[in-house]
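Raw structure.csv, CSV, C-alpha atoms and all ligand atoms:
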```
chain,number,residue,atom,x,y,z
A,262,MET,CA,17.4,5.6,73.4
A,263,ASN,CA,16.4,9.1,72.4
A,264,LYS,CA,16.3,11.9,74.9
A,265,LEU,CA,12.8,11.9,76.2
A,266,ALA,CA,10.9,15.1,75.8
A,267,ARG,CA,7.4,14.5,77.0
A,268,VAL,CA,4.9,17.2,76.4
A,269,LEU,CA,1.4,17.0,77.7
A,270,LEU,CA,-0.7,19.3,75.6
A,271,ALA,CA,-4.3,19.1,76.5
A,272,GLY,CA,-7.6,20.2,75.2
A,273,ALA,CA,-9.3,21.0,78.6
A,274,ILE,CA,-13.0,20.9,79.1
A,275,SER,CA,-13.2,24.5,80.4
A,276,GLY,CA,-11.1,27.3,81.6
A,277,THR,CA,-9.9,30.8,81.0
A,278,ILE,CA,-7.0,31.8,78.7
A,279,ALA,CA,-4.3,34.4,79.2
A,280,PHE,CA,-1.7,34.1,76.5
A,281,PRO,CA,0.2,36.7,74.5
A,282,VAL,CA,-1.7,37.9,71.4
A,283,GLN,CA,0.1,36.3,68.4
A,284,SER,CA,-0.7,34.3,65.4
A,285,TYR,CA,0.1,30.6,65.0
A,286,GLN,CA,2.5,29.1,67.5
A,287,LEU,CA,5.2,26.4,67.0
A,288,ILE,CA,6.4,24.0,69.6
A,289,GLY,CA,10.0,23.8,68.4
A,290,PRO,CA,10.8,20.4,66.9
A,291,ARG,CA,9.7,19.2,63.5
A,292,TRP,CA,9.7,16.0,61.5
A,293,ARG,CA,12.9,15.2,59.6
A,294,ASP,CA,12.8,15.3,55.8
A,295,ASN,CA,9.4,16.9,56.0
A,296,GLU,CA,7.7,13.5,56.3
A,297,VAL,CA,5.6,11.9,59.1
A,298,THR,CA,4.0,8.4,59.3
A,299,ILE,CA,1.1,7.8,61.6
A,300,ASN,CA,-0.3,4.4,62.6
A,301,TYR,CA,-3.8,5.8,62.7
A,302,ILE,CA,-6.0,3.0,64.1
A,303,PRO,CA,-6.8,3.9,67.7
A,304,ILE,CA,-6.2,1.2,70.2
A,305,VAL,CA,-9.4,0.7,72.3
A,306,PRO,CA,-9.1,-1.1,75.6
A,307,GLY,CA,-11.1,-4.3,75.4
A,308,ALA,CA,-11.9,-3.9,71.7
A,309,PRO,CA,-10.4,-5.8,68.7
A,310,LEU,CA,-6.9,-4.7,67.7
A,311,GLN,CA,-8.1,-3.6,64.3
A,312,GLY,CA,-10.2,-1.0,66.1
A,313,LEU,CA,-13.7,0.3,65.8
A,314,THR,CA,-14.9,1.8,62.6
A,315,ILE,CA,-16.3,5.0,64.0
A,316,TRP,CA,-12.9,6.0,65.5
A,317,ASN,CA,-10.9,4.6,62.6
A,318,ASN,CA,-12.8,6.7,60.1
A,319,ALA,CA,-12.7,9.8,62.2
A,320,MET,CA,-9.0,9.5,62.7
A,321,SER,CA,-8.5,9.0,59.0
A,322,ASP,CA,-10.6,12.0,58.1
A,323,ALA,CA,-8.8,14.1,60.7
A,324,ILE,CA,-5.4,13.3,59.1
A,325,ASP,CA,-6.8,14.0,55.6
A,326,SER,CA,-8.1,17.4,56.7
A,327,TRP,CA,-4.5,18.4,57.5
A,328,ALA,CA,-3.0,16.6,54.5
A,329,GLN,CA,-5.2,18.5,52.0
A,330,GLY,CA,-3.7,21.9,53.1
A,331,SER,CA,-0.1,20.8,53.7
A,332,SER,CA,2.4,22.2,51.2
A,333,GLY,CA,5.7,20.9,52.7
A,334,LEU,CA,4.9,18.1,55.1
A,335,LYS,CA,4.2,14.7,53.6
A,336,ILE,CA,1.7,13.0,55.9
A,337,ASN,CA,1.6,9.2,55.6
A,338,LYS,CA,-1.3,7.2,57.1
A,339,VAL,CA,-0.8,3.5,57.9
A,340,SER,CA,-3.9,1.4,58.7
A,341,SER,CA,-2.4,-0.3,61.9
A,342,THR,CA,-1.9,0.3,65.6
A,343,ALA,CA,1.1,1.4,67.6
A,344,SER,CA,1.1,1.9,71.4
A,345,PRO,CA,1.8,5.5,72.4
A,346,CYS,CA,3.5,4.2,75.6
A,347,ALA,CA,6.0,2.0,73.9
A,348,GLY,CA,9.4,2.3,75.4
A,349,ILE,CA,8.3,4.5,78.3
A,350,ALA,CA,9.8,3.3,81.6
A,351,ASP,CA,7.3,2.0,84.1
A,352,GLY,CA,9.3,2.8,87.2
A,353,ASN,CA,10.0,-0.8,88.0
A,354,GLY,CA,12.8,-1.4,85.6
A,355,GLY,CA,10.5,-2.3,82.7
A,356,PHE,CA,8.4,-0.5,80.1
A,357,VAL,CA,4.7,0.4,80.1
A,358,ALA,CA,4.6,-1.2,76.6
A,359,PRO,CA,7.5,-2.9,74.7
A,360,HIS,CA,9.7,-0.8,72.4
A,361,ASP,CA,8.3,-0.7,68.9
A,362,GLY,CA,11.0,1.1,67.0
A,363,ASP,CA,9.7,4.7,67.2
A,364,LEU,CA,6.3,4.2,65.7
A,365,SER,CA,3.7,6.9,66.1
A,366,GLY,CA,0.3,5.7,67.2
A,367,VAL,CA,-3.1,6.5,68.8
A,368,SER,CA,-4.9,5.0,71.7
A,369,PHE,CA,-7.8,5.5,74.1
A,370,ALA,CA,-6.3,5.1,77.6
A,371,ASN,CA,-7.3,4.8,81.2
A,372,ASP,CA,-4.1,6.7,82.2
A,373,VAL,CA,-1.3,8.6,80.6
A,374,CYS,CA,1.4,5.9,80.3
A,375,GLY,CA,1.2,5.2,84.0
A,376,ASP,CA,0.3,8.8,85.2
A,377,SER,CA,-3.2,9.8,86.1
A,378,TRP,CA,-5.1,12.0,83.7
A,379,ASN,CA,-5.2,15.7,84.8
A,380,GLU,CA,-8.7,17.0,85.7
A,381,GLY,CA,-10.5,18.2,82.6
A,382,THR,CA,-8.0,16.8,80.1
A,383,LEU,CA,-9.6,15.2,77.0
A,384,ALA,CA,-6.4,14.1,75.2
A,385,VAL,CA,-2.7,14.5,75.2
A,386,ASN,CA,0.1,14.3,72.7
A,387,VAL,CA,3.3,12.5,73.9
A,388,GLN,CA,6.3,13.6,72.0
A,389,PHE,CA,9.8,12.3,71.7
A,390,SER,CA,12.5,14.4,70.1
A,391,SER,CA,16.2,14.7,69.7
A,392,GLY,CA,18.3,17.4,68.0
A,393,GLY,CA,15.2,19.4,67.0
A,394,PHE,CA,13.5,16.5,65.2
A,395,TYR,CA,10.8,14.2,66.4
A,396,SER,CA,11.5,10.5,66.5
A,397,ASN,CA,7.9,9.6,67.3
A,398,SER,CA,4.8,11.3,68.6
A,399,ASP,CA,1.6,9.7,69.9
A,400,ILE,CA,-1.9,10.7,70.8
A,401,LEU,CA,-3.8,9.5,73.9
A,402,PHE,CA,-7.5,10.0,74.4
A,403,ASN,CA,-9.0,10.0,77.9
A,404,ASN,CA,-11.0,6.8,78.1
A,405,ALA,CA,-13.2,8.3,80.9
A,406,VAL,CA,-14.6,10.9,78.5
A,407,ASN,CA,-18.0,10.5,76.8
A,408,TRP,CA,-16.8,10.5,73.1
A,409,ASP,CA,-18.8,10.6,69.9
A,410,VAL,CA,-18.3,11.8,66.4
A,411,TYR,CA,-20.5,14.7,65.2
A,412,SER,CA,-20.6,17.9,63.3
A,413,GLY,CA,-22.1,21.3,64.3
A,414,PRO,CA,-22.3,23.0,67.6
A,415,ILE,CA,-20.6,21.2,70.5
A,416,LYS,CA,-23.0,19.3,72.8
A,417,THR,CA,-23.0,19.4,76.6
A,418,ASN,CA,-20.8,16.6,78.0
A,419,ILE,CA,-20.6,14.7,74.6
A,420,PHE,CA,-17.2,15.3,73.0
A,421,ASP,CA,-16.5,15.2,69.3
A,422,PHE,CA,-13.6,12.8,68.9
A,423,LYS,CA,-12.8,14.0,65.4
A,424,ARG,CA,-12.2,17.7,66.2
A,425,VAL,CA,-10.1,16.8,69.2
A,426,ALA,CA,-8.1,14.4,66.9
A,427,VAL,CA,-7.6,17.3,64.5
A,428,HIS,CA,-6.3,19.4,67.3
A,429,GLU,CA,-3.9,16.8,68.7
A,430,LEU,CA,-2.6,16.0,65.2
A,431,GLY,CA,-1.6,19.7,65.0
A,432,HIS,CA,0.6,19.2,68.1
A,433,LEU,CA,1.9,16.0,66.6
A,434,PHE,CA,3.1,18.0,63.6
A,435,GLY,CA,4.7,20.6,65.8
A,436,LEU,CA,2.1,23.3,66.3
A,437,GLY,CA,1.5,25.0,69.6
A,438,HIS,CA,-1.7,26.7,70.9
A,439,GLU,CA,-3.2,29.7,69.1
A,440,THR,CA,-5.4,32.1,71.1
A,441,GLU,CA,-6.0,35.1,68.9
A,442,ASN,CA,-7.1,33.9,65.4
A,443,LEU,CA,-9.8,31.4,64.5
A,444,ALA,CA,-8.0,28.1,64.8
A,445,ILE,CA,-8.5,24.4,65.6
A,446,MET,CA,-5.3,25.0,67.7
A,447,GLN,CA,-7.2,27.0,70.3
A,448,PRO,CA,-6.2,25.4,73.7
A,449,PHE,CA,-9.6,24.7,75.0
A,450,TYR,CA,-12.3,22.5,73.5
A,451,ASP,CA,-15.0,25.2,73.6
A,452,ASP,CA,-12.8,28.2,72.7
A,453,ALA,CA,-13.0,27.7,69.0
A,454,ASN,CA,-16.7,28.1,69.6
A,455,ASN,CA,-16.3,31.4,71.5
A,456,ILE,CA,-14.5,33.5,68.9
A,457,ASP,CA,-17.3,35.3,67.2
A,458,ASP,CA,-19.4,32.3,68.0
A,459,MET,CA,-17.6,30.4,65.2
A,460,ASN,CA,-17.6,26.6,65.4
A,461,MET,CA,-14.4,25.1,64.0
A,462,GLU,CA,-14.1,21.4,63.3
A,463,ARG,CA,-11.1,21.5,61.0
A,464,PRO,CA,-7.8,23.3,60.4
A,465,THR,CA,-8.2,27.0,59.5
A,466,PRO,CA,-6.0,29.3,57.4
A,467,ASP,CA,-4.1,30.2,60.6
A,468,ASP,CA,-3.4,26.5,61.3
A,469,PHE,CA,-2.3,25.8,57.8
A,470,GLU,CA,0.0,28.9,57.9
A,471,GLY,CA,1.7,27.5,60.9
A,472,LEU,CA,2.1,24.0,59.4
A,473,ASN,CA,3.4,25.4,56.1
A,474,ALA,CA,5.8,27.8,57.9
A,475,LEU,CA,7.2,24.9,59.9
A,476,TYR,CA,7.7,22.8,56.8
A,477,SER,CA,8.3,25.5,54.2
A,478,VAL,CA,9.9,24.7,50.9
A,479,SER,CA,12.6,27.2,50.0
A,480,ASN,CA,13.0,28.2,46.3
A,481,SER,CA,9.7,26.5,45.7
A,482,PRO,CA,9.2,25.4,42.1
A,483,LEU,CA,5.5,25.9,42.6
A,484,VAL,CA,3.6,28.8,44.2
A,485,VAL,CA,-0.2,29.1,44.7
A,486,ASN,CA,-2.1,32.1,46.1
A,487,LEU,CA,-5.8,32.0,46.9
A,488,GLU,CA,-7.1,35.5,46.8
A,489,GLU,CA,-10.8,34.9,47.3
A,490,PRO,CA,-11.9,34.0,49.8
A,491,SER,CA,-9.3,35.7,51.9
A,492,THR,CA,-9.1,35.1,55.6
A,493,ASN,CA,-12.4,35.8,57.4
A,494,GLN,CA,-14.1,37.0,54.2
A,495,TYR,CA,-17.8,37.5,54.4
A,496,SER,CA,-19.4,35.6,51.6
A,497,SER,CA,-23.0,35.5,50.3
A,498,GLY,CA,-24.8,34.7,47.1
A,499,VAL,CA,-23.0,33.6,44.0
A,500,GLY,CA,-19.3,34.4,44.1
A,501,ASN,CA,-15.9,33.2,43.0
A,502,ILE,CA,-13.1,31.1,44.4
A,503,ARG,CA,-10.1,32.6,42.6
A,504,GLY,CA,-6.3,33.2,42.7
A,505,TRP,CA,-3.3,32.2,40.7
A,506,ALA,CA,-0.6,29.5,40.6
A,507,VAL,CA,2.8,29.4,38.9
A,508,ALA,CA,5.2,26.5,38.4
A,509,GLN,CA,8.7,26.0,36.8
A,510,SER,CA,7.4,22.7,35.3
A,511,GLY,CA,4.0,24.1,34.5
A,512,VAL,CA,0.8,23.8,36.6
A,513,ALA,CA,-1.0,20.4,36.0
A,514,GLU,CA,-4.1,21.2,38.1
A,515,VAL,CA,-5.6,23.3,40.9
A,516,GLU,CA,-7.9,21.4,43.1
A,517,ILE,CA,-10.5,23.3,45.2
A,518,PHE,CA,-11.7,21.9,48.6
A,519,ILE,CA,-14.5,23.4,50.7
A,520,ASP,CA,-14.6,22.0,54.3
A,521,ASN,CA,-12.3,19.1,53.1
A,522,VAL,CA,-14.7,18.1,50.3
A,523,LEU,CA,-13.1,18.2,46.8
A,524,GLN,CA,-15.2,20.5,44.6
A,525,GLY,CA,-13.2,19.7,41.5
A,526,ASN,CA,-10.4,21.2,39.4
A,527,SER,CA,-10.6,24.9,38.9
A,528,PRO,CA,-10.5,26.3,35.4
A,529,TYR,CA,-6.9,27.6,35.0
A,530,GLY,CA,-5.0,29.8,32.7
A,531,SER,CA,-6.7,33.2,32.7
A,532,PHE,CA,-4.6,36.4,32.1
A,533,ARG,CA,-2.7,37.7,35.1
A,534,THR,CA,-0.2,40.3,33.8
A,535,ASP,CA,0.6,41.3,37.4
A,536,VAL,CA,1.7,37.8,38.3
A,537,GLY,CA,3.7,37.6,35.1
A,538,ASN,CA,5.6,40.7,36.1
A,539,ASN,CA,6.2,39.4,39.6
A,540,TYR,CA,7.3,35.9,38.5
A,541,PRO,CA,9.2,36.5,35.3
A,542,SER,CA,11.3,33.3,35.7
A,543,TYR,CA,8.2,31.1,35.8
A,544,PRO,CA,6.9,30.1,32.3
A,545,ASN,CA,3.4,31.4,31.4
A,546,ALA,CA,3.1,33.2,34.7
A,547,ASP,CA,1.0,35.8,32.8
A,548,ARG,CA,-1.6,33.1,32.2
A,549,SER,CA,-1.8,31.8,35.7
A,550,GLY,CA,-5.2,32.8,37.0
A,551,PHE,CA,-7.8,30.3,38.2
A,552,SER,CA,-11.4,30.9,39.1
A,553,MET,CA,-14.4,28.7,40.0
A,554,THR,CA,-17.9,29.9,40.6
A,555,VAL,CA,-19.6,29.0,43.9
A,556,ASN,CA,-23.0,29.6,45.4
A,557,TRP,CA,-22.1,30.4,49.0
A,558,SER,CA,-25.8,30.2,49.9
A,559,GLU,CA,-25.8,26.5,49.4
A,560,LEU,CA,-23.6,26.2,52.5
A,561,SER,CA,-24.6,26.7,56.1
A,562,ASN,CA,-24.2,30.0,57.9
A,563,GLY,CA,-20.8,30.5,59.5
A,564,PRO,CA,-17.2,29.7,58.6
A,565,HIS,CA,-16.1,27.4,55.8
A,566,VAL,CA,-12.5,26.5,55.0
A,567,VAL,CA,-11.5,26.8,51.4
A,568,ILE,CA,-8.2,25.2,50.2
A,569,ALA,CA,-6.6,25.7,46.8
A,570,ARG,CA,-4.2,22.8,46.2
A,571,ALA,CA,-1.9,23.2,43.1
A,572,ILE,CA,0.0,20.3,41.6
A,573,ASP,CA,2.8,20.9,39.0
A,574,ASN,CA,3.9,18.6,36.2
A,575,LEU,CA,6.6,17.0,38.4
A,576,GLY,CA,4.1,16.2,41.2
A,577,ASN,CA,5.1,18.9,43.6
A,578,ILE,CA,2.2,20.2,45.7
A,579,ALA,CA,1.5,23.7,47.1
A,580,THR,CA,-1.5,24.9,49.0
A,581,ASP,CA,-3.1,28.1,50.2
A,582,SER,CA,-6.3,28.5,52.2
A,583,GLY,CA,-9.0,31.0,53.0
A,584,LEU,CA,-12.0,31.3,55.3
A,585,ALA,CA,-15.4,32.2,53.9
A,586,ILE,CA,-17.9,33.3,56.5
A,587,VAL,CA,-21.3,32.7,54.9
A,588,GLU,CA,-24.2,35.0,55.5
A,589,LYS,CA,-27.4,34.0,53.8
A,590,PHE,CA,-31.1,34.5,53.4
A,591,GLU,CA,-33.5,31.7,54.2
A,592,THR,CA,-33.7,30.6,50.6
A,593,ASN,CA,-30.6,29.4,48.9
A,594,PHE,CA,-31.4,31.1,45.6
A,595,VAL,CA,-33.7,34.2,45.1
A,596,SER,CA,-35.1,33.4,41.7
A,597,SER,CA,-36.4,36.8,40.7
A,598,GLU,CA,-36.0,40.5,41.5
A,599,ALA,CA,-39.7,40.7,42.0
A,600,LEU,CA,-39.1,38.8,45.3
A,601,VAL,CA,-36.9,41.6,46.6
A,602,LYS,CA,-38.4,44.8,48.1
A,603,LEU,CA,-36.5,47.5,50.0
A,604,ALA,CA,-39.2,48.5,52.5
A,605,GLY,CA,-37.4,50.1,55.4
A,606,SER,CA,-34.8,52.7,56.4
A,607,VAL,CA,-31.2,53.1,55.2
A,608,SER,CA,-28.5,54.2,57.6
A,609,THR,CA,-24.7,54.7,57.1
A,610,SER,CA,-21.7,54.6,59.4
A,611,GLY,CA,-18.1,54.8,58.1
A,612,ASP,CA,-17.8,52.3,55.3
A,613,GLU,CA,-21.0,50.4,56.4
A,614,ILE,CA,-24.5,50.6,55.1
A,615,THR,CA,-27.4,49.1,57.0
A,616,LEU,CA,-30.7,48.4,55.3
A,617,ASP,CA,-33.7,47.7,57.5
A,618,ASP,CA,-36.8,45.6,56.5
A,619,VAL,CA,-35.3,44.2,53.3
A,620,MET,CA,-38.2,42.0,52.1
A,621,ILE,CA,-36.9,38.8,50.5
A,622,ASP,CA,-39.7,36.4,49.4
A,623,SER,CA,-42.1,38.2,51.8
A,624,LYS,CA,-39.8,37.8,54.8
A,625,PRO,CA,-38.0,40.8,56.5
A,626,TYR,CA,-34.3,41.0,57.1
A,627,ARG,CA,-31.8,43.6,58.4
A,628,VAL,CA,-28.8,43.6,56.0
A,629,LYS,CA,-25.4,45.2,56.6
A,630,LEU,CA,-23.0,46.0,53.8
A,631,LYS,CA,-19.3,46.9,54.2
A,632,TRP,CA,-16.6,48.0,51.8
A,633,ASN,CA,-14.3,45.1,50.8
A,634,THR,CA,-11.0,46.3,49.2
A,635,ALA,CA,-10.2,42.8,47.9
A,636,SER,CA,-13.4,42.5,45.8
A,637,GLN,CA,-13.7,46.3,45.2
A,638,GLN,CA,-17.3,46.4,46.2
A,639,PHE,CA,-19.7,46.6,49.2
A,640,ASP,CA,-20.2,43.1,50.5
A,641,ILE,CA,-23.0,41.7,52.6
A,642,VAL,CA,-21.4,41.1,56.0
A,643,ASN,CA,-24.5,40.4,58.2
A,644,ILE,CA,-28.0,39.2,57.6
A,645,ILE,CA,-30.4,39.2,60.5
A,646,ASN,CA,-33.8,37.6,60.3
A,647,LEU,CA,-36.5,39.9,61.5
A,648,PHE,CA,-39.2,37.3,61.5
A,701,ZN,ZN,-3.7,21.4,72.7
```

Would you encode the structure as structure tokens?
Amino acid sequence: MNKLARVLLAGAISGTIAFPVQSYQLIGPRWRDNEVTINYIPIVPGAPLQGLTIWNNAMSDAIDSWAQGSSGLKINKVSSTASPCAGIADGNGGFVAPHDGDLSGVSFANDVCGDSWNEGTLAVNVQFSSGGFYSNSDILFNNAVNWDVYSGPIKTNIFDFKRVAVHELGHLFGLGHETENLAIMQPFYDDANNIDDMNMERPTPDDFEGLNALYSVSNSPLVVNLEEPSTNQYSSGVGNIRGWAVAQSGVAEVEIFIDNVLQGNSPYGSFRTDVGNNYPSYPNADRSGFSMTVNWSELSNGPHVVIARAIDNLGNIATDSGLAIVEKFETNFVSSEALVKLAGSVSTSGDEITLDDVMIDSKPYRVKLKWNTASQQFDIVNIINLF
């Protein structure tokens, strides 16, 4: 029997936070051999053992959202159940559920393996570790909570199962709570909503940095760097998703995801003399650029996670991610300059320019531009409707 390390990490319904200001946090243990297997079908009390489609699909999507941005950790998903409370003593000489050989599973539960749920706790991650490595790790969802699956702003007293699942999976992999940067690992359900009014439903660049630091690959045969969007890059209009990738065996492809949806393979192989100079031992590093055009205005206002996932000719995978914060006019595409009239005042402050009463298709906006060193231009960072 492994030494029992039981960690109750909760997404609470409300509360204040007072943690040190840092970037991503790690719990300590990690998965041996950079590989984890999750029996992802949630056990639902009173429901068939094969689960209910809504929770099965949400859990599967939540796992995929991490797997797409994982460089070092191989995340295996098995379509079966495993009791999170297997092998936990029940206090009467028996077990809450029979030993199952260290399987990691998911369940809705009326209690936490025999203990009551803490007030305001949505879900917990129960971890077992020994010698710095997890043996198994499980997720319990509070069965008394009103669960649903939905995108967009959080609803009063209806909790989105999928984003809580994404958060608890972060703990399962070994991530702690993050309180400074935009992250799904914010400790409280509504906090991700409170940072700049952003609404996170999936892992952010900060979350992926934590995961990829915990499962880093030394002397990597494959390196990818997403340069645009960077982290928290304001994005509007037609732009580029671009960066570079180098591999000892050659780069087979660079996949681009936006909000966990595959956009396709990016064109690859443009000149990057700077990368060639920095990576002289990688073949063709001077032809390592990738770039894909994107119309940010087709996306909704707010944050969108972009992942560049490079695969080399030996099947190795490396990822990098960025966060585009979309600011847009009401129309997705302004078809003619005749529809744009600068009718109001211009004011400047530091590296910012504010244009008032910018008329786009006969509707007035206030537009703020700010210098962006990465793109070497003034970017639109704020569009306010004045109608
Ligand atoms: Zn948590």

Checklist entry - Which of these, A:Val555, A:Ile336, A:Met446, A:Ile586, has the shortest distance to Val499 of chain A once you count all atoms listed in the file? => result A:Val555

Next on the checklist: Could you list, as a VMD selection string, all residues that come within 10 Å of ligand ZN 701 (chain A)? Count all atoms listed in the file.
Outcome noted: chain A and resid 269 to 273 382 to 386 425 427 to 433 436 to 439 445 to 450

Checklist entry - Leaving out Leu523 of chain A and any residue of its chain fewer than 6 positions from it, which residues lie within 10 Å of it when counting all atoms listed in the file, given as an MDAnalysis selection string? => result chainID A and resid 329 516:517 567:569

Next on the checklist: Taking 3 positions as the minimum chain separation for residues in the same chain, which residues sit within 12 Å of segment 371-374 of chain A when counting only C-alpha atoms? Answer as JSON, numbers by chain.
Outcome noted: {"A": [267, 268, 269, 270, 271, 304, 305, 306, 307, 344, 345, 346, 347, 348, 349, 350, 351, 352, 356, 357, 358, 368, 377, 378, 379, 380, 382, 383, 384, 385, 386, 387, 399, 400, 401, 402, 403, 404, 405, 406]}

Checklist entry - Smallest atom-to-atom distance to Tyr476 of chain A: which of A:Ile614, A:Ala370, A:Ile502, A:Ala579, using all atoms listed in the file? => result A:Ala579

Next on the checklist: With all atoms listed in the file as the counted atoms, please give the residues lying no more than 9 Å from segment 528-533 of chain A, apart from itself and same-chain residues fewer than 6 positions off, as a PyMOL selection string.
Outcome noted: chain A and resi 505-506+512+514-515+545-553

Item to check | One-decimal distance in Å that lies between atom CA of Pro414 of chain A and atom CA of Val642 of chain A | outcome: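 Distance reported for this atom pair: 21.5 Å.
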
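Restricting the calculation to all atoms listed in the file, the smallest distance between Pro482 of chain A and any of A:Ala508, A:Leu313, A:Val619, A:Ile645 is found for A:Ala508.
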
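The interatomic distance for the pair atom CA of Glu441 of chain A and atom CA of Ala585 of chain A works out to 17.9 Å.
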
Checklist entry - Between atom CA of Lys631 of chain A and atom CA of Glu613 of chain A, what is the distance, to one decimal in Å? => result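 Between these atoms lies a distance of 4.5 Å.
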
Item to check | Of the listed residues A:Ser341, A:Thr417, A:Gln286, A:Ser326, that which approaches Gly312 of chain A most closely, counting all atoms listed in the file | outcome: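 Answer, going by the shortest atom-to-atom distance: A:Ser341.
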
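Using only C-alpha atoms, the protein and nucleic acid residues lying no more than 9 Å from Gly393 of chain A, apart from those fewer than 3 places from it along its own chain, are Gly289, Pro290, Arg291, Trp292, Arg293 and Ser390 of chain A.
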
Take the residues from that selection and put them in a file with C-alpha atoms, as a compact mmCIF listing (two decimals), in the coordinates of the input.
```
# COMPACT_ATOMS: atom_id res chain seq x y z
CA GLY A 289 10.00 23.80 68.40
CA PRO A 290 10.80 20.40 66.90
CA ARG A 291 9.70 19.20 63.50
CA TRP A 292 9.70 16.00 61.50
CA ARG A 293 12.90 15.20 59.60
CA SER A 390 12.50 14.40 70.10
```

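For the choices A:Gly504, A:Gly583, A:Pro359, A:Gly537, the atom-to-atom distance to Thr492 of chain A is smallest for A:Gly583 when using only C-alpha atoms.
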
Checklist entry - Out of A:Ala604, A:Leu647, A:Ile415, A:Ala513, which residue has the shortest atom-to-atom distance to Ser527 of chain A when counting all atoms listed in the file? => result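 Nearest to Ser527 of chain A: A:Ala513.
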
Next on the checklist: Taking 6 positions as the minimum chain separation for residues in the same chain, which residues sit within 10 Å of Asn593 of chain A when counting all atoms listed in the file? Answer as a list in words.
Outcome noted: Ser497, Gly498, Val499, Asn556, Trp557, Ser558, Glu559, Leu560 and Ser561 of chain A
